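What follows is the content of target_12.cif (mmCIF, C-alpha atoms and all ligand atoms).
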data_query
loop_
_atom_site.label_atom_id
_atom_site.label_comp_id
_atom_site.auth_asym_id
_atom_site.auth_seq_id
_atom_site.Cartn_x
_atom_site.Cartn_y
_atom_site.Cartn_z
CA MET A 1 0.00 0.00 0.00
CA ARG A 2 1.34 3.43 -0.99
CA GLU A 3 1.14 6.65 1.01
CA LYS A 4 -0.17 8.50 -2.03
CA LYS A 5 -3.58 10.09 -1.34
CA VAL A 6 -6.60 9.69 -3.55
CA PHE A 7 -9.06 12.58 -3.79
CA ILE A 8 -12.49 11.77 -5.16
CA VAL A 9 -14.34 14.87 -6.33
CA GLY A 10 -18.02 13.89 -6.38
CA GLY A 11 -17.37 11.51 -3.49
CA GLY A 12 -20.80 12.20 -2.04
CA GLY A 13 -22.43 10.54 -5.07
CA MET A 14 -22.98 6.89 -5.90
CA VAL A 15 -19.98 6.31 -8.18
CA GLY A 16 -17.52 8.27 -6.03
CA ALA A 17 -18.64 6.60 -2.80
CA THR A 18 -18.55 3.14 -4.34
CA ALA A 19 -15.05 3.77 -5.67
CA ALA A 20 -13.99 4.93 -2.19
CA TYR A 21 -15.43 1.75 -0.69
CA ALA A 22 -13.62 -0.45 -3.26
CA LEU A 23 -10.34 1.41 -2.63
CA THR A 24 -10.84 0.94 1.10
CA ILE A 25 -11.58 -2.76 1.27
CA LYS A 26 -8.80 -3.48 -1.24
CA GLU A 27 -6.41 -1.30 0.81
CA VAL A 28 -5.08 0.38 -2.33
CA VAL A 29 -3.94 3.58 -0.57
CA GLU A 30 -3.77 4.78 3.02
CA GLU A 31 -5.98 7.84 2.63
CA VAL A 32 -9.10 8.47 0.58
CA VAL A 33 -10.35 12.05 0.70
CA LEU A 34 -13.88 12.81 -0.48
CA LEU A 35 -14.86 16.24 -1.87
CA ASP A 36 -18.32 17.29 -3.00
CA VAL A 37 -20.49 20.38 -3.26
CA ASP A 38 -23.05 18.55 -1.14
CA ALA A 39 -21.29 18.90 2.23
CA ASP A 40 -23.78 16.86 4.25
CA LYS A 41 -23.96 13.94 1.88
CA VAL A 42 -20.18 13.67 1.51
CA ARG A 43 -19.69 13.81 5.28
CA GLY A 44 -22.16 10.95 5.69
CA GLN A 45 -20.45 8.89 2.96
CA ALA A 46 -17.04 9.42 4.56
CA TYR A 47 -18.27 8.32 8.01
CA ASP A 48 -20.03 5.30 6.55
CA ILE A 49 -17.10 4.12 4.40
CA ASN A 50 -14.60 4.80 7.18
CA ASP A 51 -16.48 2.19 9.21
CA ALA A 52 -15.50 -0.31 6.52
CA ALA A 53 -11.88 0.79 7.01
CA ALA A 54 -11.97 -0.39 10.61
CA TYR A 55 -10.78 -3.89 9.71
CA THR A 56 -8.09 -2.77 7.27
CA ASP A 57 -4.47 -2.20 8.32
CA CYS A 58 -4.53 1.59 8.26
CA VAL A 59 -6.88 3.01 5.61
CA ARG A 60 -8.71 6.25 6.46
CA VAL A 61 -11.61 7.80 4.57
CA ARG A 62 -12.54 11.41 5.31
CA THR A 63 -13.72 14.66 3.79
CA GLY A 64 -11.18 17.35 2.95
CA ASN A 65 -10.22 20.36 0.85
CA TYR A 66 -8.51 21.03 -2.46
CA SER A 67 -5.70 22.77 -0.56
CA GLU A 68 -4.49 19.39 0.74
CA ILE A 69 -3.60 18.13 -2.76
CA GLN A 70 0.10 17.28 -3.06
CA GLU A 71 2.43 16.49 -5.98
CA ASP A 72 1.60 13.14 -7.64
CA ASP A 73 -1.67 12.65 -5.73
CA ILE A 74 -4.45 10.99 -7.69
CA VAL A 75 -7.62 13.02 -8.27
CA VAL A 76 -10.65 11.07 -9.46
CA LEU A 77 -13.48 13.10 -11.01
CA THR A 78 -16.88 11.48 -10.52
CA CYS A 79 -18.51 14.92 -10.20
CA GLY A 80 -21.21 15.20 -12.81
CA VAL A 81 -24.84 14.43 -13.42
CA PRO A 82 -25.63 10.83 -14.34
CA GLN A 83 -27.94 9.67 -17.15
CA LYS A 84 -31.67 9.51 -16.50
CA PRO A 85 -33.65 6.61 -17.99
CA GLY A 86 -33.76 7.04 -21.78
CA GLN A 87 -30.96 9.63 -21.84
CA SER A 88 -27.70 9.09 -23.77
CA ARG A 89 -24.33 9.95 -22.22
CA LEU A 90 -23.79 12.65 -24.85
CA GLU A 91 -26.85 14.53 -23.53
CA LEU A 92 -24.87 15.26 -20.33
CA LEU A 93 -22.23 17.16 -22.31
CA ASP A 94 -22.88 20.82 -21.46
CA THR A 95 -23.74 20.39 -17.79
CA ASN A 96 -20.81 18.10 -17.02
CA ALA A 97 -18.28 20.10 -19.07
CA LYS A 98 -19.03 23.14 -16.87
CA ILE A 99 -18.55 21.06 -13.71
CA ILE A 100 -15.29 19.50 -14.95
CA LYS A 101 -13.85 22.90 -15.99
CA ASP A 102 -14.74 24.36 -12.59
CA VAL A 103 -13.30 21.44 -10.61
CA VAL A 104 -10.10 21.08 -12.66
CA GLY A 105 -9.53 24.83 -12.19
CA LYS A 106 -9.69 24.32 -8.41
CA VAL A 107 -7.37 21.30 -8.56
CA MET A 108 -4.75 23.10 -10.67
CA ALA A 109 -4.95 26.24 -8.53
CA GLN A 110 -2.97 24.23 -5.95
CA GLY A 111 -0.02 24.26 -8.38
CA LYS A 112 0.75 20.53 -8.10
CA LYS A 113 1.45 18.01 -10.84
CA VAL A 114 -1.24 15.43 -10.09
CA PHE A 115 -2.78 12.50 -11.90
CA ILE A 116 -6.40 13.03 -12.97
CA VAL A 117 -8.73 10.11 -13.64
CA VAL A 118 -12.00 11.23 -15.22
CA VAL A 119 -15.16 9.18 -14.76
CA ALA A 120 -18.02 11.68 -15.36
CA ASN A 121 -19.82 11.16 -18.66
CA PRO A 122 -19.49 11.48 -21.58
CA VAL A 123 -16.13 10.32 -20.28
CA ASP A 124 -14.06 10.65 -23.48
CA VAL A 125 -15.05 14.29 -23.97
CA MET A 126 -14.84 15.11 -20.25
CA THR A 127 -11.29 13.71 -20.22
CA HIS A 128 -10.36 15.98 -23.14
CA VAL A 129 -11.86 18.94 -21.29
CA ALA A 130 -9.85 18.04 -18.16
CA LEU A 131 -6.66 17.61 -20.19
CA GLU A 132 -7.03 21.02 -21.88
CA GLU A 133 -8.07 22.78 -18.70
CA SER A 134 -5.25 21.31 -16.60
CA GLY A 135 -2.36 21.80 -19.03
CA LEU A 136 -0.86 18.60 -17.58
CA PRO A 137 1.05 16.12 -19.78
CA LYS A 138 -1.36 13.72 -21.46
CA GLU A 139 -0.03 10.68 -19.54
CA ARG A 140 -1.35 12.30 -16.35
CA VAL A 141 -4.93 12.89 -17.48
CA PHE A 142 -7.02 9.99 -18.68
CA GLY A 143 -10.50 8.57 -18.24
CA THR A 144 -11.97 5.18 -17.44
CA GLY A 145 -12.83 4.84 -21.16
CA THR A 146 -14.22 1.45 -22.13
CA SER A 147 -12.87 -0.40 -19.06
CA LEU A 148 -16.36 -1.00 -17.68
CA ASP A 149 -17.69 -2.15 -21.07
CA THR A 150 -14.66 -4.44 -21.34
CA ALA A 151 -15.33 -5.91 -17.90
CA ARG A 152 -18.85 -6.73 -19.10
CA LEU A 153 -17.45 -8.27 -22.31
CA ARG A 154 -15.05 -10.53 -20.43
CA VAL A 155 -17.81 -11.87 -18.20
CA ALA A 156 -20.17 -12.40 -21.14
CA ILE A 157 -17.54 -14.40 -23.09
CA ALA A 158 -16.56 -16.34 -19.98
CA ASP A 159 -20.19 -17.28 -19.31
CA ASP A 160 -20.81 -18.33 -22.92
CA LEU A 161 -17.69 -20.46 -23.18
CA LYS A 162 -17.65 -21.70 -19.57
CA VAL A 163 -14.14 -20.46 -18.85
CA SER A 164 -12.79 -18.13 -16.16
CA GLN A 165 -12.95 -14.43 -17.06
CA ARG A 166 -9.33 -14.21 -15.91
CA ASN A 167 -8.38 -16.12 -19.07
CA VAL A 168 -10.36 -13.88 -21.43
CA HIS A 169 -8.30 -11.21 -23.19
CA ALA A 170 -10.66 -9.08 -25.24
CA TYR A 171 -11.57 -5.40 -25.37
CA ILE A 172 -14.44 -3.10 -26.13
CA LEU A 173 -12.82 -0.03 -27.70
CA GLY A 174 -13.84 3.43 -28.93
CA GLU A 175 -16.31 5.79 -27.30
CA HIS A 176 -17.73 4.85 -23.90
CA GLY A 177 -21.14 5.16 -25.53
CA ASP A 178 -23.32 3.96 -28.35
CA SER A 179 -20.49 3.73 -30.94
CA SER A 180 -18.21 1.46 -28.88
CA PHE A 181 -17.43 -1.90 -30.46
CA PRO A 182 -15.96 -5.28 -29.45
CA ALA A 183 -12.46 -5.64 -30.94
CA LEU A 184 -12.52 -9.41 -31.14
CA SER A 185 -10.22 -10.20 -34.07
CA GLY A 186 -7.28 -10.08 -31.63
CA ALA A 187 -9.15 -11.64 -28.69
CA THR A 188 -7.69 -14.75 -27.09
CA ILE A 189 -8.61 -17.14 -24.33
CA GLY A 190 -5.51 -18.44 -22.64
CA GLY A 191 -3.57 -17.61 -25.81
CA VAL A 192 -6.03 -19.46 -28.08
CA PRO A 193 -7.73 -17.17 -30.65
CA LEU A 194 -11.35 -16.63 -29.56
CA ASN A 195 -12.81 -18.06 -32.79
CA GLN A 196 -10.84 -21.30 -32.34
CA PHE A 197 -11.81 -21.85 -28.73
CA PRO A 198 -13.95 -25.00 -28.13
CA GLY A 199 -17.63 -24.09 -28.21
CA PHE A 200 -17.14 -20.77 -30.04
CA ASN A 201 -20.05 -19.85 -32.29
CA PRO A 202 -20.09 -16.57 -34.28
CA SER A 203 -23.62 -15.85 -33.01
CA ILE A 204 -22.11 -15.47 -29.51
CA THR A 205 -20.41 -12.25 -30.54
CA ASN A 206 -23.62 -10.70 -31.90
CA ASN A 207 -25.51 -11.43 -28.70
CA ILE A 208 -22.63 -10.19 -26.54
CA ASP A 209 -22.47 -6.91 -28.45
CA ARG A 210 -26.18 -6.30 -27.88
CA GLU A 211 -26.10 -7.40 -24.22
CA ILE A 212 -23.21 -5.07 -23.38
CA ARG A 213 -24.72 -2.15 -25.26
CA GLU A 214 -27.94 -2.56 -23.27
CA ALA A 215 -26.29 -3.26 -19.86
CA ALA A 216 -26.11 0.34 -18.64
CA SER A 217 -29.67 1.20 -19.70
CA THR A 218 -31.03 -1.99 -18.10
CA ILE A 219 -29.34 -1.11 -14.79
CA ILE A 220 -30.42 2.55 -14.96
CA ASN A 221 -34.02 1.62 -15.87
CA THR A 222 -34.28 -0.87 -13.02
CA LYS A 223 -32.31 0.63 -10.10
CA GLY A 224 -31.62 4.19 -11.20
CA ALA A 225 -27.82 4.25 -11.57
CA THR A 226 -24.74 2.09 -12.22
CA TYR A 227 -21.95 2.17 -9.68
CA TYR A 228 -20.52 -1.18 -8.53
CA GLY A 229 -18.80 -2.06 -11.82
CA ILE A 230 -17.33 1.40 -12.31
CA GLY A 231 -16.39 1.61 -8.61
CA ASN A 232 -14.25 -1.49 -9.02
CA VAL A 233 -12.78 -0.21 -12.31
CA ILE A 234 -11.74 3.01 -10.55
CA SER A 235 -10.04 1.11 -7.73
CA ARG A 236 -8.15 -1.04 -10.26
CA VAL A 237 -6.97 1.90 -12.33
CA VAL A 238 -5.93 3.83 -9.21
CA GLU A 239 -4.04 0.78 -7.98
CA ALA A 240 -2.24 0.59 -11.34
CA LEU A 241 -1.24 4.26 -10.89
CA THR A 242 0.49 3.37 -7.60
CA GLN A 243 2.65 0.65 -9.16
CA GLU A 244 5.92 0.69 -11.10
CA VAL A 245 4.85 -2.30 -13.18
CA GLY A 246 2.26 -1.44 -15.82
CA SER A 247 -1.23 -2.96 -16.08
CA ILE A 248 -3.25 -2.86 -19.28
CA TYR A 249 -6.71 -1.30 -19.28
CA PRO A 250 -8.75 0.22 -22.12
CA VAL A 251 -8.83 3.67 -20.56
CA CYS A 252 -9.34 6.77 -22.72
CA SER A 253 -6.29 8.83 -23.56
CA LEU A 254 -5.41 11.45 -26.17
CA ALA A 255 -4.50 9.67 -29.43
CA GLU A 256 -1.96 11.55 -31.52
CA GLY A 257 -1.23 9.23 -34.43
CA GLU A 258 -1.80 5.88 -32.72
CA TYR A 259 -4.21 3.61 -34.62
CA SER A 260 -4.38 6.29 -37.36
CA LEU A 261 -6.24 8.65 -35.00
CA GLY A 262 -5.38 12.23 -34.20
CA GLY A 263 -6.52 14.76 -31.61
CA VAL A 264 -9.17 12.61 -29.99
CA VAL A 265 -9.52 11.13 -26.50
CA ILE A 266 -10.85 7.60 -26.98
CA GLY A 267 -10.80 4.17 -25.34
CA LEU A 268 -7.76 2.16 -26.46
CA PRO A 269 -5.58 -0.43 -24.70
CA CYS A 270 -3.22 1.56 -22.46
CA LEU A 271 -0.37 0.72 -20.12
CA VAL A 272 -1.19 2.27 -16.74
CA SER A 273 1.55 2.63 -14.11
CA SER A 274 3.06 5.19 -11.73
CA ARG A 275 4.13 7.07 -14.89
CA GLY A 276 0.49 7.50 -15.95
CA ALA A 277 -1.33 6.07 -18.97
CA LYS A 278 0.32 5.39 -22.32
CA ILE A 279 -1.53 4.09 -25.36
CA LEU A 280 -0.33 0.61 -26.26
CA THR A 281 0.17 0.34 -30.00
CA GLY A 282 0.13 -2.95 -31.85
CA TYR A 283 -3.21 -4.37 -30.70
CA PRO A 284 -4.49 -6.07 -33.86
CA LEU A 285 -7.60 -4.58 -35.47
CA ASN A 286 -9.14 -5.90 -38.69
CA ASP A 287 -10.51 -3.53 -41.36
CA ALA A 288 -14.04 -3.48 -39.91
CA GLU A 289 -12.73 -2.75 -36.41
CA GLN A 290 -10.43 0.01 -37.68
CA ALA A 291 -13.42 1.54 -39.51
CA ALA A 292 -15.56 1.29 -36.34
CA LEU A 293 -12.79 3.01 -34.38
CA GLY A 294 -12.63 5.84 -36.94
CA LYS A 295 -16.42 6.29 -36.83
CA SER A 296 -16.43 6.34 -33.03
CA ALA A 297 -13.57 8.87 -33.00
CA GLN A 298 -15.54 11.19 -35.30
CA ILE A 299 -18.58 11.06 -32.96
CA ILE A 300 -16.37 12.01 -29.99
CA LYS A 301 -14.64 14.77 -31.97
CA ASP A 302 -17.98 16.28 -33.01
CA ALA A 303 -19.17 16.29 -29.39
CA ALA A 304 -15.85 17.62 -28.09
CA SER A 305 -15.90 20.53 -30.55
CA LYS A 306 -19.01 21.86 -28.77
CA VAL A 307 -17.29 22.24 -25.38
CA LEU A 308 -13.52 22.57 -26.03
N1 LIG B 401 -17.31 6.25 -17.04
C1 LIG B 401 -18.14 5.30 -16.66
O1 LIG B 401 -17.98 4.13 -17.04
C2 LIG B 401 -19.29 5.69 -15.75
C3 LIG B 401 -20.11 4.70 -15.16
C4 LIG B 401 -21.15 5.11 -14.32
C5 LIG B 401 -21.39 6.47 -14.11
N2 LIG B 401 -20.58 7.39 -14.71
C6 LIG B 401 -20.77 8.84 -14.53
O2 LIG B 401 -20.28 9.24 -13.27
C7 LIG B 401 -20.93 10.47 -12.90
C8 LIG B 401 -21.44 10.38 -11.47
O3 LIG B 401 -22.49 9.44 -11.38
P1 LIG B 401 -23.23 9.18 -9.97
O4 LIG B 401 -24.22 8.10 -10.21
O5 LIG B 401 -22.24 9.06 -8.90
O6 LIG B 401 -24.02 10.57 -9.81
P2 LIG B 401 -24.44 11.25 -8.41
O7 LIG B 401 -25.41 12.32 -8.76
O8 LIG B 401 -24.82 10.19 -7.43
O9 LIG B 401 -23.07 11.90 -7.90
C9 LIG B 401 -22.47 13.01 -8.49
C10 LIG B 401 -21.91 13.86 -7.36
O10 LIG B 401 -21.15 14.94 -7.93
C11 LIG B 401 -21.34 16.06 -7.06
N3 LIG B 401 -20.98 17.30 -7.76
C12 LIG B 401 -21.66 17.94 -8.75
N4 LIG B 401 -21.00 19.08 -9.09
C13 LIG B 401 -19.90 19.15 -8.32
C14 LIG B 401 -18.83 20.08 -8.22
N5 LIG B 401 -18.78 21.18 -8.99
N6 LIG B 401 -17.87 19.84 -7.30
C15 LIG B 401 -17.91 18.76 -6.51
N7 LIG B 401 -18.89 17.82 -6.57
C16 LIG B 401 -19.88 18.02 -7.47
C17 LIG B 401 -22.81 15.98 -6.67
O11 LIG B 401 -23.09 16.75 -5.51
C18 LIG B 401 -22.99 14.48 -6.47
O12 LIG B 401 -22.79 14.10 -5.11
C19 LIG B 401 -22.03 10.69 -13.95
O13 LIG B 401 -21.61 11.63 -14.91
C20 LIG B 401 -22.21 9.32 -14.55
O14 LIG B 401 -22.74 9.36 -15.87
C21 LIG B 401 -19.54 7.03 -15.51
#

The structure in this file should be written as structure tokens.
Ligand SMILES: NC(=O)c1ccc[n+]([C@@H]2O[C@H](COP(=O)([O-])OP(=O)(O)OC[C@H]3O[C@@H](n4cnc5c(N)ncnc54)[C@H](O)[C@@H]3O)[C@@H](O)[C@H]2O)c1
Amino acid sequence: MREKKVFIVGGGGMVGATAAYALTIKEVVEEVVLLDVDADKVRGQAYDINDAAAYTDCVRVRTGNYSEIQEDDIVVLTCGVPQKPGQSRLELLDTNAKIIKDVVGKVMAQGKKVFIVVVANPVDVMTHVALEESGLPKERVFGTGTSLDTARLRVAIADDLKVSQRNVHAYILGEHGDSSFPALSGATIGGVPLNQFPGFNPSITNNIDREIREAASTIINTKGATYYGIGNVISRVVEALTQEVGSIYPVCSLAEGEYSLGGVVIGLPCLVSSRGAKILTGYPLNDAEQAALGKSAQIIKDAASKVL
């Protein structure tokens, strides 16, 4: 466990609090500091989650201030309105861009080189906003991208083929939104290409694509919000940021030539470590997947142009 602090701005909300809980019970860092405009709610969340810290070695969860931010601390941005039933992530654009600009301004006013992990939706565009607003190097500002979608993909393949999800190496890439796509031509299970794995049937991939696309709306329509999956993703990515050795996650980072993309923040396989996030080139994409990536990039660029 590292001494590095994690600040969660929006920690009074469902995603921020769930991330704090996941960070606590996994003992990823010693201190989790929750910030939110809703002072009462965030105080309650901190007290509640700190109770879960009681049986850890030394984790503490509390509320705090921007002025406590130190060099290399990790700042997670879950501040932002979530989707309502029937709403797309892109419909949150204007409201959340204002919040992200405001919050990143307060973070950078402390004059420290931090790491920023953006979660608020539409996450690709919000990450670009945070990158521009912060002026930090691009390795230090990235978003959760398609990590949650990819988690859903791994479980769906594992269930279909009756194999542990630990052995499934496959990604959803592109926008964390309606234009994301499963990049399965390079997918393997324990090193065996997906389409040669016993029991593989091409219809599996069609069903998986639909199931994953509908997962968020099913959860939102039934219980109002999604937070456990993303809470765990945040704790994983933060943990990767505390380690010298890189872990690979499809987070969203600014592409500048990689995969024939330029000037767009989009979900791609990245190496995440204490040096930040770096896009991993060389992941195989077939022509259809490359075209889907280009289409997704254009959708993000069009949205980003409205708020950058
Ligand atoms: N990237 C992903 O995969 C993913 C998954 C789930 C949810 N999300 C997104 O995460 C965001 C949060 O979702 P939620 O369900 O926790 O919403 P929520 O409404 O429960 O929490 C948001 C919190 O942000 C706070 N906030 C708003 N403006 C603020 C500001 N200027 N400064 C500090 N705090 C501020 C609110 O007071 C609230 O407590 C949404 O944008 C949602 O779409 C992203």

Contacts to ligand LIG 401 (chain B) at 7 Å cut-off (only C-alpha atoms and all ligand atoms) as a VMD selection string: chain A and resid 9 to 16 35 to 38 78 to 83 89 96 99 102 to 103 119 to 123 144 to 146 148 176 225 to 227 230

Would you kindly return, as a compact mmCIF listing (two decimals) with C-alpha atoms, in the frame of the given file, each protein, DNA or RNA residue with an atom no farther than 10 Å from any atom of region 197-212 of chain A, considering all atoms listed in the file and excluding same-chain residues fewer than 4 positions away?
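Writing done, so here's part_26.txt:
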# COMPACT_ATOMS: atom_id res chain seq x y z
CA LEU A 148 -16.36 -1.00 -17.68
CA ASP A 149 -17.69 -2.15 -21.07
CA THR A 150 -14.66 -4.44 -21.34
CA ALA A 151 -15.33 -5.91 -17.90
CA ARG A 152 -18.85 -6.73 -19.10
CA LEU A 153 -17.45 -8.27 -22.31
CA ARG A 154 -15.05 -10.53 -20.43
CA VAL A 155 -17.81 -11.87 -18.20
CA ALA A 156 -20.17 -12.40 -21.14
CA ILE A 157 -17.54 -14.40 -23.09
CA ASP A 160 -20.81 -18.33 -22.92
CA LEU A 161 -17.69 -20.46 -23.18
CA LYS A 162 -17.65 -21.70 -19.57
CA ILE A 172 -14.44 -3.10 -26.13
CA SER A 180 -18.21 1.46 -28.88
CA PHE A 181 -17.43 -1.90 -30.46
CA PRO A 182 -15.96 -5.28 -29.45
CA LEU A 184 -12.52 -9.41 -31.14
CA THR A 188 -7.69 -14.75 -27.09
CA ILE A 189 -8.61 -17.14 -24.33
CA GLY A 190 -5.51 -18.44 -22.64
CA GLY A 191 -3.57 -17.61 -25.81
CA VAL A 192 -6.03 -19.46 -28.08
CA PRO A 193 -7.73 -17.17 -30.65
CA ALA A 216 -26.11 0.34 -18.64
CA SER A 217 -29.67 1.20 -19.70
CA THR A 218 -31.03 -1.99 -18.10

Residue among A:Ser88, A:Thr56, A:Gln290, A:Asn232 lying closest to Thr18 (chain A), counting only C-alpha atoms: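 The closest residue to Thr18 (chain A) is A:Asn232.
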
All residues 9 Å or closer to Ala183 (chain A), all atoms listed in the file, same chain fewer than 6 positions away omitted, as a PyMOL selection string: chain A and resi 170-173+284-286+289

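Rounded to one decimal, CA of Ser273 (chain A) and CA of Val251 (chain A) lie 12.3 Å from each other.
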
Shell of 10 Å around Leu261 (chain A), only C-alpha atoms, local chain residues under 3 positions omitted, as a ChimeraX atom specification: /A:254-258,264-266,290,293-294,297-298

Starting from the incomplete input, reconstruct N, CA, C and O atoms of region 212-224 of chain A and write that as a compact mmCIF listing (two decimals), keeping the file's coordinate frame.
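Writing the result to result28.txt gives the following:
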# COMPACT_ATOMS: atom_id res chain seq x y z
N ILE A 212 -24.08 -6.07 -24.03
CA ILE A 212 -23.21 -5.07 -23.38
C ILE A 212 -23.73 -3.67 -23.65
O ILE A 212 -23.75 -2.82 -22.77
N ARG A 213 -24.18 -3.45 -24.89
CA ARG A 213 -24.72 -2.15 -25.26
C ARG A 213 -25.93 -1.79 -24.38
O ARG A 213 -26.12 -0.64 -24.01
N GLU A 214 -26.71 -2.81 -24.03
CA GLU A 214 -27.94 -2.56 -23.27
C GLU A 214 -27.73 -2.60 -21.75
O GLU A 214 -28.63 -2.26 -20.99
N ALA A 215 -26.51 -3.03 -21.30
CA ALA A 215 -26.29 -3.26 -19.86
C ALA A 215 -26.56 -2.00 -19.04
O ALA A 215 -27.33 -2.04 -18.07
N ALA A 216 -25.96 -0.88 -19.44
CA ALA A 216 -26.11 0.34 -18.64
C ALA A 216 -27.57 0.76 -18.57
O ALA A 216 -28.08 1.08 -17.49
N SER A 217 -28.28 0.73 -19.73
CA SER A 217 -29.67 1.20 -19.70
C SER A 217 -30.53 0.26 -18.88
O SER A 217 -31.45 0.70 -18.18
N THR A 218 -30.24 -1.05 -18.92
CA THR A 218 -31.03 -1.99 -18.10
C THR A 218 -30.84 -1.66 -16.63
O THR A 218 -31.81 -1.60 -15.86
N ILE A 219 -29.60 -1.41 -16.21
CA ILE A 219 -29.34 -1.11 -14.79
C ILE A 219 -30.01 0.22 -14.42
O ILE A 219 -30.70 0.32 -13.40
N ILE A 220 -29.84 1.23 -15.27
CA ILE A 220 -30.42 2.55 -14.96
C ILE A 220 -31.96 2.47 -14.90
O ILE A 220 -32.59 3.02 -14.01
N ASN A 221 -32.55 1.72 -15.86
CA ASN A 221 -34.02 1.62 -15.87
C ASN A 221 -34.55 0.86 -14.66
O ASN A 221 -35.68 1.08 -14.23
N THR A 222 -33.77 -0.06 -14.12
CA THR A 222 -34.28 -0.87 -13.02
C THR A 222 -33.94 -0.30 -11.65
O THR A 222 -34.78 -0.24 -10.76
N LYS A 223 -32.68 0.17 -11.45
CA LYS A 223 -32.31 0.63 -10.10
C LYS A 223 -31.84 2.08 -10.06
O LYS A 223 -31.42 2.56 -9.01
N GLY A 224 -31.86 2.75 -11.21
CA GLY A 224 -31.62 4.19 -11.20
C GLY A 224 -30.21 4.64 -11.54
O GLY A 224 -30.03 5.75 -12.03
